[in-house]
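The next block is query_34.csv, given as CSV, C-alpha atoms.
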```
chain,number,residue,atom,x,y,z
A,1,MET,CA,14.4,-32.1,22.0
A,2,THR,CA,17.6,-34.0,21.2
A,3,GLU,CA,20.5,-32.4,19.2
A,4,GLU,CA,19.5,-34.5,16.2
A,5,GLU,CA,15.8,-33.5,16.4
A,6,PHE,CA,16.8,-29.9,16.7
A,7,GLN,CA,19.0,-30.2,13.6
A,8,ARG,CA,16.3,-32.0,11.6
A,9,LEU,CA,13.8,-29.3,12.4
A,10,CYS,CA,16.2,-26.5,11.5
A,11,ASP,CA,17.0,-28.2,8.2
A,12,PHE,CA,13.3,-28.5,7.5
A,13,LEU,CA,12.7,-24.8,8.3
A,14,TYR,CA,15.7,-23.8,6.2
A,15,ARG,CA,14.5,-25.8,3.1
A,16,ARG,CA,11.0,-24.3,3.4
A,17,THR,CA,11.8,-20.6,4.1
A,18,GLY,CA,15.5,-20.0,3.7
A,19,MET,CA,15.7,-18.9,7.4
A,20,LEU,CA,18.6,-20.3,9.2
A,21,PHE,CA,18.4,-21.0,12.9
A,22,GLY,CA,21.5,-22.3,14.7
A,23,GLU,CA,22.3,-23.4,18.2
A,24,ALA,CA,22.3,-19.7,19.4
A,25,LYS,CA,18.5,-19.6,18.6
A,26,ARG,CA,17.7,-22.9,20.2
A,27,TYR,CA,15.5,-21.4,22.9
A,28,TYR,CA,13.6,-19.4,20.3
A,29,VAL,CA,13.1,-22.5,18.2
A,30,GLU,CA,12.1,-24.7,21.1
A,31,ARG,CA,9.5,-22.2,22.4
A,32,ARG,CA,7.8,-22.2,19.1
A,33,ILE,CA,7.8,-25.9,18.7
A,34,THR,CA,6.4,-26.3,22.2
A,35,GLU,CA,3.7,-23.9,21.2
A,36,ARG,CA,2.9,-25.8,18.0
A,37,MET,CA,2.9,-29.1,19.8
A,38,GLY,CA,0.4,-27.7,22.3
A,39,ALA,CA,-1.8,-26.4,19.6
A,40,THR,CA,-1.8,-29.6,17.6
A,41,GLY,CA,-2.0,-31.9,20.6
A,42,ALA,CA,1.2,-33.7,19.6
A,43,THR,CA,2.6,-35.6,22.6
A,44,SER,CA,6.2,-36.1,21.3
A,45,PHE,CA,8.6,-34.3,19.0
A,46,ALA,CA,8.5,-37.4,16.7
A,47,SER,CA,4.7,-37.3,16.3
A,48,TYR,CA,4.8,-33.5,15.8
A,49,PHE,CA,7.5,-33.8,13.2
A,50,ALA,CA,5.5,-36.5,11.3
A,51,ARG,CA,2.5,-34.2,11.3
A,52,LEU,CA,4.6,-31.4,10.0
A,53,ARG,CA,6.2,-33.4,7.2
A,54,GLY,CA,2.8,-34.7,6.2
A,55,ASP,CA,1.4,-31.2,6.3
A,56,VAL,CA,-1.5,-32.5,8.4
A,57,ARG,CA,-4.2,-29.8,8.5
A,58,GLY,CA,-1.9,-27.3,6.8
A,59,GLU,CA,0.7,-27.6,9.7
A,60,ILE,CA,3.6,-26.4,7.5
A,61,GLU,CA,1.9,-23.0,7.1
A,62,GLN,CA,1.2,-22.7,10.8
A,63,PHE,CA,4.7,-23.8,11.6
A,64,VAL,CA,6.2,-21.1,9.3
A,65,ASN,CA,3.9,-18.5,10.7
A,66,ALA,CA,5.1,-19.3,14.2
A,67,PHE,CA,8.7,-18.5,13.2
A,68,THR,CA,8.3,-15.1,11.6
A,69,VAL,CA,8.9,-12.0,13.6
A,70,ASN,CA,6.0,-9.6,13.4
A,71,GLU,CA,6.6,-6.7,15.6
A,72,THR,CA,6.5,-3.4,13.8
A,73,TYR,CA,4.8,0.0,13.9
A,74,PHE,CA,3.6,2.9,11.7
A,75,TYR,CA,6.2,5.3,10.3
A,76,ARG,CA,9.1,3.0,11.3
A,77,GLU,CA,12.4,4.3,9.7
A,78,ASP,CA,10.5,7.2,8.2
A,79,HIS,CA,13.7,8.7,6.8
A,80,GLN,CA,13.3,6.1,4.0
A,81,LEU,CA,9.8,7.4,3.4
A,82,GLN,CA,11.2,10.9,3.3
A,83,CYS,CA,13.7,9.6,0.7
A,84,LEU,CA,10.9,8.1,-1.2
A,85,THR,CA,9.0,11.4,-1.7
A,86,SER,CA,12.1,13.6,-1.9
A,87,ASP,CA,14.2,11.6,-4.4
A,88,LEU,CA,13.1,8.1,-5.4
A,89,LEU,CA,9.7,8.9,-7.0
A,90,ARG,CA,11.1,11.9,-8.8
A,91,GLU,CA,13.9,9.7,-10.3
A,92,ARG,CA,11.4,6.9,-11.2
A,93,LEU,CA,9.0,9.3,-12.9
A,94,LYS,CA,11.7,10.6,-15.3
A,95,GLY,CA,11.0,8.7,-18.5
A,96,LYS,CA,8.1,6.7,-17.2
A,97,PRO,CA,5.4,6.6,-19.8
A,98,ARG,CA,2.3,8.7,-18.9
A,99,GLY,CA,-0.4,6.7,-17.3
A,100,GLU,CA,1.9,3.9,-16.2
A,101,ALA,CA,1.3,3.0,-12.5
A,102,VAL,CA,3.8,3.8,-9.8
A,103,ARG,CA,4.4,0.4,-8.1
A,104,ILE,CA,5.6,0.0,-4.6
A,105,TRP,CA,6.2,-3.4,-2.8
A,106,SER,CA,6.5,-3.8,0.9
A,107,VAL,CA,8.0,-7.2,1.7
A,108,PRO,CA,7.7,-8.6,4.3
A,109,CYS,CA,4.8,-6.5,5.3
A,110,SER,CA,3.9,-8.3,8.5
A,111,THR,CA,0.6,-7.0,9.8
A,112,GLY,CA,0.4,-4.1,7.3
A,113,GLU,CA,1.9,-1.2,9.2
A,114,GLU,CA,4.6,-0.6,6.5
A,115,PRO,CA,2.4,-0.6,3.4
A,116,TYR,CA,-0.3,1.5,5.1
A,117,SER,CA,2.5,3.9,6.3
A,118,ILE,CA,3.6,4.3,2.7
A,119,ALA,CA,0.1,5.2,1.6
A,120,ILE,CA,-0.3,7.7,4.5
A,121,TRP,CA,3.1,9.2,3.8
A,122,LEU,CA,2.3,9.7,0.2
A,123,LEU,CA,-1.0,11.3,1.0
A,124,GLU,CA,0.7,13.7,3.5
A,125,ASN,CA,3.9,14.4,1.7
A,126,TRP,CA,3.6,13.8,-2.1
A,127,PRO,CA,1.7,16.6,-3.8
A,128,GLN,CA,1.4,14.5,-6.9
A,129,VAL,CA,-0.5,11.8,-5.1
A,130,ASP,CA,-3.7,12.4,-7.2
A,131,SER,CA,-2.0,12.4,-10.5
A,132,HIS,CA,-0.6,8.9,-10.7
A,133,ASP,CA,-2.0,5.4,-10.4
A,134,ILE,CA,-0.3,4.1,-7.3
A,135,GLU,CA,-0.2,0.4,-6.6
A,136,ILE,CA,1.0,-0.7,-3.2
A,137,LEU,CA,1.5,-4.4,-2.6
A,138,GLY,CA,2.2,-5.9,0.8
A,139,SER,CA,3.5,-9.5,0.9
A,140,ASP,CA,4.6,-11.8,3.6
A,141,ILE,CA,5.4,-15.5,4.0
A,142,ASP,CA,3.1,-15.6,7.0
A,143,THR,CA,-0.5,-16.0,5.9
A,144,GLY,CA,-1.8,-15.2,9.4
A,145,VAL,CA,-0.3,-11.7,9.4
A,146,LEU,CA,-1.8,-11.0,5.9
A,147,GLU,CA,-5.3,-11.6,7.3
A,148,ALA,CA,-4.5,-9.1,10.1
A,149,ALA,CA,-3.1,-6.7,7.6
A,150,ARG,CA,-6.3,-6.8,5.5
A,151,ALA,CA,-8.4,-6.2,8.6
A,152,GLY,CA,-6.2,-3.2,9.5
A,153,VAL,CA,-6.9,-3.0,13.2
A,154,TYR,CA,-4.1,-1.7,15.4
A,155,GLY,CA,-3.4,-0.9,19.1
A,156,LYS,CA,-1.7,2.1,20.6
A,157,ARG,CA,1.8,0.7,20.3
A,158,ALA,CA,1.6,0.3,16.5
A,159,LEU,CA,0.4,3.9,16.3
A,160,MET,CA,2.9,5.5,18.7
A,161,ARG,CA,4.8,7.4,16.0
A,162,LEU,CA,1.7,8.9,14.4
A,163,GLY,CA,0.4,12.1,15.9
A,164,PRO,CA,-3.2,12.4,17.0
A,165,GLU,CA,-4.0,14.4,13.8
A,166,LEU,CA,-2.9,11.6,11.5
A,167,ILE,CA,-4.7,9.0,13.6
A,168,GLU,CA,-7.9,11.1,13.4
A,169,ARG,CA,-7.5,11.5,9.7
A,170,TYR,CA,-6.8,7.9,8.6
A,171,PHE,CA,-8.3,5.7,11.3
A,172,GLU,CA,-11.6,5.1,13.0
A,173,GLN,CA,-11.5,4.3,16.7
A,174,ILE,CA,-13.3,1.0,17.4
A,175,ASP,CA,-12.8,0.8,21.2
A,176,ASP,CA,-10.5,2.3,23.9
A,177,GLU,CA,-7.5,0.4,22.7
A,178,HIS,CA,-8.0,-0.1,18.9
A,179,TRP,CA,-8.2,1.8,15.7
A,180,ARG,CA,-9.1,0.6,12.2
A,181,VAL,CA,-7.5,1.9,9.0
A,182,LEU,CA,-10.2,3.8,7.0
A,183,ALA,CA,-11.8,1.7,4.2
A,184,ASP,CA,-10.3,3.8,1.3
A,185,LEU,CA,-6.9,3.4,2.8
A,186,ARG,CA,-7.4,-0.4,3.2
A,187,GLY,CA,-8.6,-0.4,-0.4
A,188,SER,CA,-5.4,1.3,-1.6
A,189,VAL,CA,-3.1,-1.6,-0.5
A,190,ARG,CA,-3.3,-5.2,-1.8
A,191,PHE,CA,-1.9,-8.1,0.1
A,192,SER,CA,-0.5,-11.4,-1.1
A,193,PRO,CA,1.6,-14.3,0.3
A,194,VAL,CA,5.2,-14.7,-1.0
A,195,ASN,CA,8.3,-16.7,-0.2
A,196,LEU,CA,11.3,-14.5,-1.2
A,197,VAL,CA,13.5,-17.5,-2.0
A,198,GLU,CA,11.0,-19.0,-4.4
A,199,SER,CA,11.2,-17.2,-7.8
A,200,ALA,CA,8.0,-19.0,-8.8
A,201,GLU,CA,6.3,-17.0,-6.1
A,202,THR,CA,8.1,-13.6,-6.5
A,203,ARG,CA,8.0,-13.4,-10.3
A,204,PRO,CA,4.2,-13.2,-10.8
A,205,ASN,CA,4.2,-9.9,-8.8
A,206,GLY,CA,5.8,-8.1,-11.7
A,207,ARG,CA,8.3,-5.2,-11.5
A,208,PHE,CA,8.2,-2.4,-9.0
A,209,ASP,CA,9.6,1.1,-8.9
A,210,VAL,CA,10.5,0.8,-5.2
A,211,ILE,CA,10.7,-2.2,-2.9
A,212,PHE,CA,10.9,-1.9,0.9
A,213,CYS,CA,12.5,-5.1,2.1
A,214,ARG,CA,13.5,-4.4,5.7
A,215,ASN,CA,15.0,-6.6,8.3
A,216,VAL,CA,14.3,-10.0,6.7
A,217,LEU,CA,17.5,-10.8,4.8
A,218,ILE,CA,19.2,-10.9,8.3
A,219,TYR,CA,17.3,-14.1,9.0
A,220,PHE,CA,18.7,-15.8,5.9
A,221,ASP,CA,22.0,-17.6,5.5
A,222,ASP,CA,24.4,-16.5,2.7
A,223,ALA,CA,23.0,-18.8,0.1
A,224,SER,CA,19.4,-17.9,0.6
A,225,ARG,CA,20.2,-14.3,1.0
A,226,ARG,CA,21.8,-14.3,-2.5
A,227,VAL,CA,18.8,-16.1,-4.0
A,228,ALA,CA,16.4,-13.6,-2.3
A,229,ALA,CA,18.5,-10.7,-3.6
A,230,GLU,CA,18.4,-12.1,-7.1
A,231,ASN,CA,14.7,-12.5,-6.9
A,232,LEU,CA,14.3,-9.0,-5.6
A,233,TYR,CA,16.5,-7.7,-8.5
A,234,GLU,CA,14.1,-9.4,-11.0
A,235,ASN,CA,11.2,-7.7,-9.2
A,236,LEU,CA,12.7,-4.3,-9.7
A,237,ALA,CA,12.1,-2.3,-12.9
A,238,PRO,CA,15.5,-1.2,-14.4
A,239,GLY,CA,16.3,2.0,-12.4
A,240,GLY,CA,14.1,0.8,-9.5
A,241,PHE,CA,15.2,1.1,-5.9
A,242,ILE,CA,15.3,-1.2,-2.9
A,243,CYS,CA,15.3,0.0,0.7
A,244,LEU,CA,16.8,-2.3,3.3
A,245,GLY,CA,16.8,-2.2,7.1
A,246,HIS,CA,19.3,0.2,8.7
A,247,SER,CA,21.7,-2.5,9.7
A,248,GLU,CA,21.6,-4.3,6.4
A,249,SER,CA,23.8,-3.8,3.4
A,250,MET,CA,23.1,-5.1,-0.1
A,251,SER,CA,26.8,-4.6,-1.1
A,252,ARG,CA,27.7,-7.5,1.2
A,253,ILE,CA,25.0,-9.8,-0.4
A,254,SER,CA,25.0,-9.2,-4.1
A,255,PRO,CA,27.0,-7.2,-6.7
A,256,LEU,CA,23.9,-6.7,-8.9
A,257,PHE,CA,22.8,-3.4,-7.3
A,258,GLU,CA,24.3,0.1,-7.2
A,259,VAL,CA,24.5,2.1,-4.0
A,260,CYS,CA,22.7,5.4,-4.0
A,261,ARG,CA,23.3,7.9,-1.3
A,262,TYR,CA,20.5,10.4,-0.8
A,263,ALA,CA,20.2,13.1,1.9
A,264,ASP,CA,17.7,10.9,3.9
A,265,ALA,CA,18.8,7.3,3.2
A,266,ILE,CA,21.2,5.0,1.5
A,267,VAL,CA,19.3,2.8,-1.0
A,268,TYR,CA,20.2,0.3,-3.7
A,269,GLN,CA,19.3,0.6,-7.4
A,270,ARG,CA,18.9,-1.9,-10.2
A,271,PRO,CA,21.0,-0.2,-12.8
A,272,LEU,CA,19.1,1.2,-15.8
A,273,GLU,CA,21.0,-0.9,-18.1
A,274,ALA,CA,22.9,-4.1,-17.1
A,275,ALA,CA,26.7,-3.5,-17.4
A,276,ARG,CA,28.1,-5.2,-20.4
A,277,GLY,CA,31.2,-7.3,-20.2
B,1,MET,CA,-21.6,23.6,11.5
B,2,ALA,CA,-24.1,20.9,11.9
B,3,ASP,CA,-23.9,18.1,9.3
B,4,GLY,CA,-27.3,18.9,8.0
B,5,ASP,CA,-26.2,22.5,7.1
B,6,LYS,CA,-23.1,21.3,5.2
B,7,LYS,CA,-22.9,21.3,1.4
B,8,ARG,CA,-22.6,17.8,0.1
B,9,VAL,CA,-20.0,16.7,-2.5
B,10,LEU,CA,-19.9,13.4,-4.4
B,11,VAL,CA,-16.3,12.5,-5.3
B,12,ILE,CA,-16.2,10.1,-8.3
B,13,ASP,CA,-12.7,8.6,-8.8
B,14,ASP,CA,-11.6,4.9,-9.2
B,15,ALA,CA,-8.4,5.4,-7.1
B,16,SER,CA,-9.0,4.9,-3.4
B,17,LEU,CA,-6.0,7.1,-2.4
B,18,VAL,CA,-7.3,9.9,-4.5
B,19,ARG,CA,-10.8,9.6,-3.0
B,20,LEU,CA,-9.2,9.7,0.4
B,21,TYR,CA,-7.1,12.7,-0.5
B,22,TYR,CA,-10.0,14.7,-1.9
B,23,ARG,CA,-12.4,13.6,0.9
B,24,ASP,CA,-9.9,14.9,3.4
B,25,ALA,CA,-9.5,18.2,1.6
B,26,LEU,CA,-13.2,18.7,1.3
B,27,GLU,CA,-14.1,17.6,4.9
B,28,ARG,CA,-11.5,20.0,6.2
B,29,GLY,CA,-13.1,22.7,4.0
B,30,GLY,CA,-16.5,22.1,5.8
B,31,PHE,CA,-18.2,19.8,3.2
B,32,GLN,CA,-20.0,16.5,3.7
B,33,VAL,CA,-18.5,13.9,1.3
B,34,ASP,CA,-19.7,10.8,-0.4
B,35,GLU,CA,-17.8,8.7,-2.9
B,36,ALA,CA,-18.3,6.7,-6.0
B,37,LEU,CA,-15.8,4.5,-7.9
B,38,ASN,CA,-17.0,5.3,-11.4
B,39,GLY,CA,-19.8,6.9,-13.4
B,40,LEU,CA,-22.2,4.0,-13.0
B,41,GLU,CA,-21.8,3.9,-9.3
B,42,ALA,CA,-22.3,7.7,-9.2
B,43,PHE,CA,-25.7,7.3,-11.0
B,44,GLU,CA,-26.7,4.8,-8.4
B,45,LYS,CA,-25.8,7.3,-5.6
B,46,LEU,CA,-27.7,10.0,-7.4
B,47,THR,CA,-30.9,8.0,-7.3
B,48,MET,CA,-30.7,8.1,-3.5
B,49,ASP,CA,-29.2,11.5,-2.8
B,50,SER,CA,-28.8,14.9,-4.5
B,51,PRO,CA,-25.4,16.4,-3.8
B,52,ASP,CA,-24.5,20.1,-4.2
B,53,LEU,CA,-21.4,19.3,-6.2
B,54,LEU,CA,-19.8,16.5,-8.2
B,55,VAL,CA,-16.0,16.1,-8.4
B,56,VAL,CA,-15.4,13.9,-11.4
B,57,ASP,CA,-12.3,12.1,-12.6
B,58,VAL,CA,-11.9,11.4,-16.3
B,59,ASN,CA,-10.3,8.0,-16.7
B,60,MET,CA,-12.4,5.4,-14.8
B,61,PRO,CA,-13.3,1.8,-15.6
B,62,ARG,CA,-17.0,0.8,-16.4
B,63,MET,CA,-18.0,4.4,-17.0
B,64,ASP,CA,-15.6,7.3,-17.6
B,65,GLY,CA,-16.1,10.8,-16.4
B,66,MET,CA,-17.0,12.3,-19.8
B,67,THR,CA,-19.6,9.7,-20.5
B,68,PHE,CA,-21.0,10.2,-17.0
B,69,LEU,CA,-21.3,13.9,-17.5
B,70,ARG,CA,-23.0,13.6,-21.0
B,71,LEU,CA,-25.6,11.2,-19.5
B,72,LEU,CA,-26.1,13.3,-16.4
B,73,ARG,CA,-26.8,16.4,-18.4
B,74,ARG,CA,-29.6,14.6,-20.2
B,75,GLN,CA,-31.4,13.8,-16.9
B,76,ALA,CA,-34.6,15.7,-16.2
B,77,GLY,CA,-35.0,17.6,-12.9
B,78,PRO,CA,-32.4,19.2,-10.6
B,79,ILE,CA,-30.0,16.2,-10.7
B,80,GLY,CA,-29.2,16.9,-14.3
B,81,SER,CA,-27.9,20.4,-13.5
B,82,THR,CA,-25.7,19.5,-10.5
B,83,PRO,CA,-22.5,21.5,-10.8
B,84,ALA,CA,-19.5,19.3,-11.8
B,85,LEU,CA,-15.8,20.0,-11.3
B,86,VAL,CA,-13.6,17.8,-13.5
B,87,THR,CA,-10.1,16.7,-12.4
B,88,SER,CA,-7.7,15.3,-14.9
B,89,THR,CA,-4.0,14.8,-15.6
B,90,GLU,CA,-4.6,16.1,-19.1
B,91,ALA,CA,-3.8,19.8,-19.3
B,92,GLY,CA,-4.6,20.5,-23.0
B,93,VAL,CA,-7.0,23.1,-24.2
B,94,GLN,CA,-8.8,20.5,-26.2
B,95,ASP,CA,-9.2,18.3,-23.1
B,96,MET,CA,-10.9,21.2,-21.2
B,97,ALA,CA,-13.1,21.9,-24.3
B,98,ALA,CA,-14.2,18.3,-24.4
B,99,ALA,CA,-15.0,18.4,-20.6
B,100,ARG,CA,-17.0,21.6,-21.2
B,101,ALA,CA,-18.8,20.0,-24.1
B,102,ALA,CA,-19.7,17.0,-21.9
B,103,GLY,CA,-21.2,19.4,-19.3
B,104,ALA,CA,-18.4,20.3,-16.9
B,105,ASN,CA,-18.7,23.5,-14.9
B,106,PHE,CA,-15.0,23.7,-14.1
B,107,TYR,CA,-11.8,21.9,-14.8
B,108,LEU,CA,-8.7,21.4,-12.6
B,109,THR,CA,-5.5,19.8,-13.9
B,110,LYS,CA,-4.0,17.2,-11.5
B,111,PRO,CA,-2.1,17.4,-9.3
B,112,VAL,CA,-4.7,19.4,-7.4
B,113,ALA,CA,-3.6,20.9,-4.1
B,114,GLN,CA,-6.0,20.2,-1.2
B,115,ASP,CA,-6.6,23.9,-0.5
B,116,THR,CA,-7.3,24.6,-4.2
B,117,LEU,CA,-9.9,21.9,-4.4
B,118,ALA,CA,-11.7,23.1,-1.3
B,119,LEU,CA,-11.6,26.7,-2.6
B,120,TYR,CA,-13.1,25.9,-6.0
B,121,ALA,CA,-15.6,23.6,-4.4
B,122,ALA,CA,-16.7,26.5,-2.2
B,123,MET,CA,-17.0,28.8,-5.2
B,124,LEU,CA,-19.1,26.3,-7.2
B,125,CYS,CA,-21.4,25.8,-4.3
B,126,GLY,CA,-21.8,29.5,-3.9
B,127,ILE,CA,-20.3,29.6,-0.4
B,128,PRO,CA,-19.2,33.2,0.4
B,129,ALA,CA,-15.7,33.6,2.0
```
So that I can check it, write out the structure of this file as structure tokens.
Amino acid sequence: MTEEEFQRLCDFLYRRTGMLFGEAKRYYVERRITERMGATGATSFASYFARLRGDVRGEIEQFVNAFTVNETYFYREDHQLQCLTSDLLRERLKGKPRGEAVRIWSVPCSTGEEPYSIAIWLLENWPQVDSHDIEILGSDIDTGVLEAARAGVYGKRALMRLGPELIERYFEQIDDEHWRVLADLRGSVRFSPVNLVESAETRPNGRFDVIFCRNVLIYFDDASRRVAAENLYENLAPGGFICLGHSESMSRISPLFEVCRYADAIVYQRPLEAARG
Amino acid sequence: MADGDKKRVLVIDDASLVRLYYRDALERGGFQVDEALNGLEAFEKLTMDSPDLLVVDVNMPRMDGMTFLRLLRRQAGPIGSTPALVTSTEAGVQDMAAARAAGANFYLTKPVAQDTLALYAAMLCGIPA
């Protein structure tokens, strides 16, 4: 791949997803292009790029899917889950009209480990779990992972942080190496595609009490990161919280949010009322 | 205990997390559990099976818990007298009275702790400690 071809491809990916790949990620990008060329039978970069731009047989979607990072596991960064049940939900329930659902968004949700972890955590650690309507939505730009998320089948690696008791309680073993999330647990999480830099895709999801948005903003450049942060802000109910990955800081991205320091985690809040000025 | 000896509970609730939470509590308490998403589905289940206890939520789409109980109590035969434990977020005396009038045998205000549910289920099924 020539320098110019590499640049054209990175520009295309950036315009589509907001993800910015530079020279430092060249190997990563080339590996995925080679993989897609092999899968589509393209014999040159030029012919593959033409196919991509023409979205032949939905190639754009396949291409985007190839670039997303989908490695995660159950109960990852569970200190934030602890914060959810110790502090965030209590805060959100103050002043919430009776009967109004508690809405939680996991984005990007990859193959579903995070939204299912949230559901399991609530069942195990939130004594009020039966007294509220709880909506958990998992979203990702990669439609391939959403299918896997709906299927809810996982290997040992994804389950490594769950003890045998939790696995026994919430999964059914389907063979020596795989477990499937129980039907009721699968039924408690909804999945949908979303591109965080497209407000036309984020808005229809409505407003959430808590958003888990971990380790995705790091893939965006400054401009897309701001757009994504503004979209996430719009998807939060006033007073709602957003949890980022441990190496991420919203303060460096957008001034819209307030930092909240709880015993278990630092999270960001959409202020209850926008500051006037 | 063999599955055949276990008392059977039908949990009727539209929220899948709640069904899972109650099912877990009851299975750990030694019950065999089946589920229905609302009153209509519960009636379908009752044509095929006769549980020892019903755990009934109040607010459900298609057929709510109170309507279900009123219709159930009009049924001829043993099905019509299946014990029913109502669970609800409403804690008012009038809510409990309405549930009793509809045919409830017991009423628990949500949140219901898992141990509490298993304990009252055991009592309503006449399982001695």
Counting only C-alpha atoms, which residues have an atom no more than 10 Å from (-23.4, 13.1, -24.3) in the file's coordinates? Please list them as a PyMOL selection string.
chain B and resi 66-74+101-103
Take the residues just selected and output them with C-alpha atoms as a compact mmCIF listing (two decimals), in the frame of the given file.
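For reference, result-v3.txt as written:
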```txt
# COMPACT_ATOMS: atom_id res chain seq x y z
CA MET B 66 -17.00 12.30 -19.80
CA THR B 67 -19.60 9.70 -20.50
CA PHE B 68 -21.00 10.20 -17.00
CA LEU B 69 -21.30 13.90 -17.50
CA ARG B 70 -23.00 13.60 -21.00
CA LEU B 71 -25.60 11.20 -19.50
CA LEU B 72 -26.10 13.30 -16.40
CA ARG B 73 -26.80 16.40 -18.40
CA ARG B 74 -29.60 14.60 -20.20
CA ALA B 101 -18.80 20.00 -24.10
CA ALA B 102 -19.70 17.00 -21.90
CA GLY B 103 -21.20 19.40 -19.30
```
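Atom pair CA of Ala91 in chain B / CA of Asp209 in chain A has a distance of 25.2 Å (rounded to one decimal).
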Shell around Val33 in chain B at 6 Å using all atoms listed in the file, local window under 2 positions removed, as an MDAnalysis selection string:
chainID B and resid 8:10
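For the residues B:Glu44, B:Glu27, B:Asp5, B:Asp52, ranking by smallest atom-to-atom distance to chain A using all atoms listed in the file places B:Glu27 first.
CA of Leu37 in chain B sits 14.1 Å away from CA of Tyr21 in chain B.
Every polymer residue reaching to within 10 Å of (-13.9, 18.1, -8.6), counting all atoms listed in the file, appears in this list: B:Val9, B:Leu10, B:Val11, B:Ile12, B:Asp13, B:Tyr22, B:Leu26, B:Leu53, B:Leu54, B:Val55, B:Val56, B:Asp57, B:Pro83, B:Ala84, B:Leu85, B:Val86, B:Thr87, B:Ser88, B:Ala104, B:Asn105, B:Phe106, B:Tyr107, B:Leu108, B:Val112, B:Leu117, B:Ala118, B:Tyr120, B:Ala121, B:Leu124.
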Give me the residues of range 61-172 of chain A that have any atom at most 12 Å from an atom of range 179-189 of chain A; for each, the nearest atom pair and the distance in Å, rounded to one decimal. Use only C-alpha atoms, sort by chain and number, and format it as CSV.
```
residue,atom,partner,partner_atom,distance
A:Phe74,CA,A:Val181,CA,11.5
A:Arg103,CA,A:Val189,CA,10.9
A:Ile104,CA,A:Val189,CA,9.7
A:Trp105,CA,A:Val189,CA,9.7
A:Ser106,CA,A:Val189,CA,9.9
A:Cys109,CA,A:Val189,CA,11.0
A:Gly112,CA,A:Val189,CA,8.9
A:Glu113,CA,A:Val181,CA,9.9
A:Glu114,CA,A:Val189,CA,10.5
A:Pro115,CA,A:Val189,CA,6.8
A:Tyr116,CA,A:Val189,CA,7.0
A:Ser117,CA,A:Leu185,CA,10.0
A:Ile118,CA,A:Val189,CA,9.5
A:Ala119,CA,A:Leu185,CA,7.3
A:Ile120,CA,A:Leu185,CA,8.1
A:Trp121,CA,A:Leu185,CA,11.6
A:Leu122,CA,A:Leu185,CA,11.4
A:Leu123,CA,A:Leu185,CA,10.0
A:Asp133,CA,A:Ser188,CA,10.3
A:Ile134,CA,A:Ser188,CA,8.1
A:Glu135,CA,A:Val189,CA,7.0
A:Ile136,CA,A:Val189,CA,5.0
A:Leu137,CA,A:Val189,CA,5.8
A:Gly138,CA,A:Val189,CA,6.9
A:Ser139,CA,A:Val189,CA,10.4
A:Leu146,CA,A:Val189,CA,11.4
A:Ala148,CA,A:Arg180,CA,10.9
A:Ala149,CA,A:Arg186,CA,8.8
A:Arg150,CA,A:Arg186,CA,6.9
A:Ala151,CA,A:Arg180,CA,7.7
A:Gly152,CA,A:Val181,CA,5.3
A:Val153,CA,A:Arg180,CA,4.3
A:Tyr154,CA,A:Trp179,CA,5.4
A:Gly155,CA,A:Trp179,CA,6.5
A:Lys156,CA,A:Trp179,CA,8.1
A:Arg157,CA,A:Trp179,CA,11.1
A:Ala158,CA,A:Trp179,CA,9.9
A:Leu159,CA,A:Trp179,CA,8.9
A:Pro164,CA,A:Trp179,CA,11.8
A:Leu166,CA,A:Val181,CA,11.0
A:Ile167,CA,A:Trp179,CA,8.3
A:Glu168,CA,A:Trp179,CA,9.6
A:Arg169,CA,A:Leu182,CA,8.6
A:Tyr170,CA,A:Leu182,CA,5.6
A:Phe171,CA,A:Val181,CA,4.5
A:Glu172,CA,A:Arg180,CA,5.2
```
Return the neighbours of chain A among the residues of chain B, cut-off 7 Å, counting all atoms listed in the file, as a compact mmCIF listing (two decimals) with C-alpha atoms, keeping the file's coordinate frame.
```txt
# COMPACT_ATOMS: atom_id res chain seq x y z
CA SER B 16 -9.00 4.90 -3.40
CA LEU B 17 -6.00 7.10 -2.40
CA VAL B 18 -7.30 9.90 -4.50
CA LEU B 20 -9.20 9.70 0.40
CA TYR B 21 -7.10 12.70 -0.50
CA THR B 89 -4.00 14.80 -15.60
CA LYS B 110 -4.00 17.20 -11.50
CA PRO B 111 -2.10 17.40 -9.30
CA ALA B 113 -3.60 20.90 -4.10
```
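Separating CA of Thr47 in chain B from CA of Met63 in chain B is a distance of 16.5 Å.
Comparing A:Val145, A:Ala46, A:Ile33, A:Met160 by their smallest distance to Ser192 in chain A, the closest is A:Val145 (using all atoms listed in the file).
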Given the choices A:Ser44, A:Gln7, A:Thr72, A:Asn215, which gets closest to Cys243 in chain A if the distance is worked out from only C-alpha atoms?
A:Asn215
Write out as a ChimeraX atom specification each polymer residue whose atoms come within 8 Å of Leu20 in chain A, counting all atoms listed in the file; drop sequence neighbours fewer than 4 positions from it.
/A:10,13-14,219-221
Extract, using all atoms listed in the file, all DNA, RNA and protein residues at most 12 Å from Val93 in chain B, discarding same-chain residues fewer than 3 positions from it, and format them as a PyMOL selection string.
chain B and resi 90+96-100+107-109
Closest of B:Asp115, B:Leu46, B:Arg19, B:Asp3 to Gly80 in chain B, counting only C-alpha atoms, is B:Leu46
Check the smallest atom-to-atom distance from each of A:Val210, A:Leu236, A:Ala263, A:Ala200 to Leu88 in chain A using only C-alpha atoms, then report the winner.
A:Val210
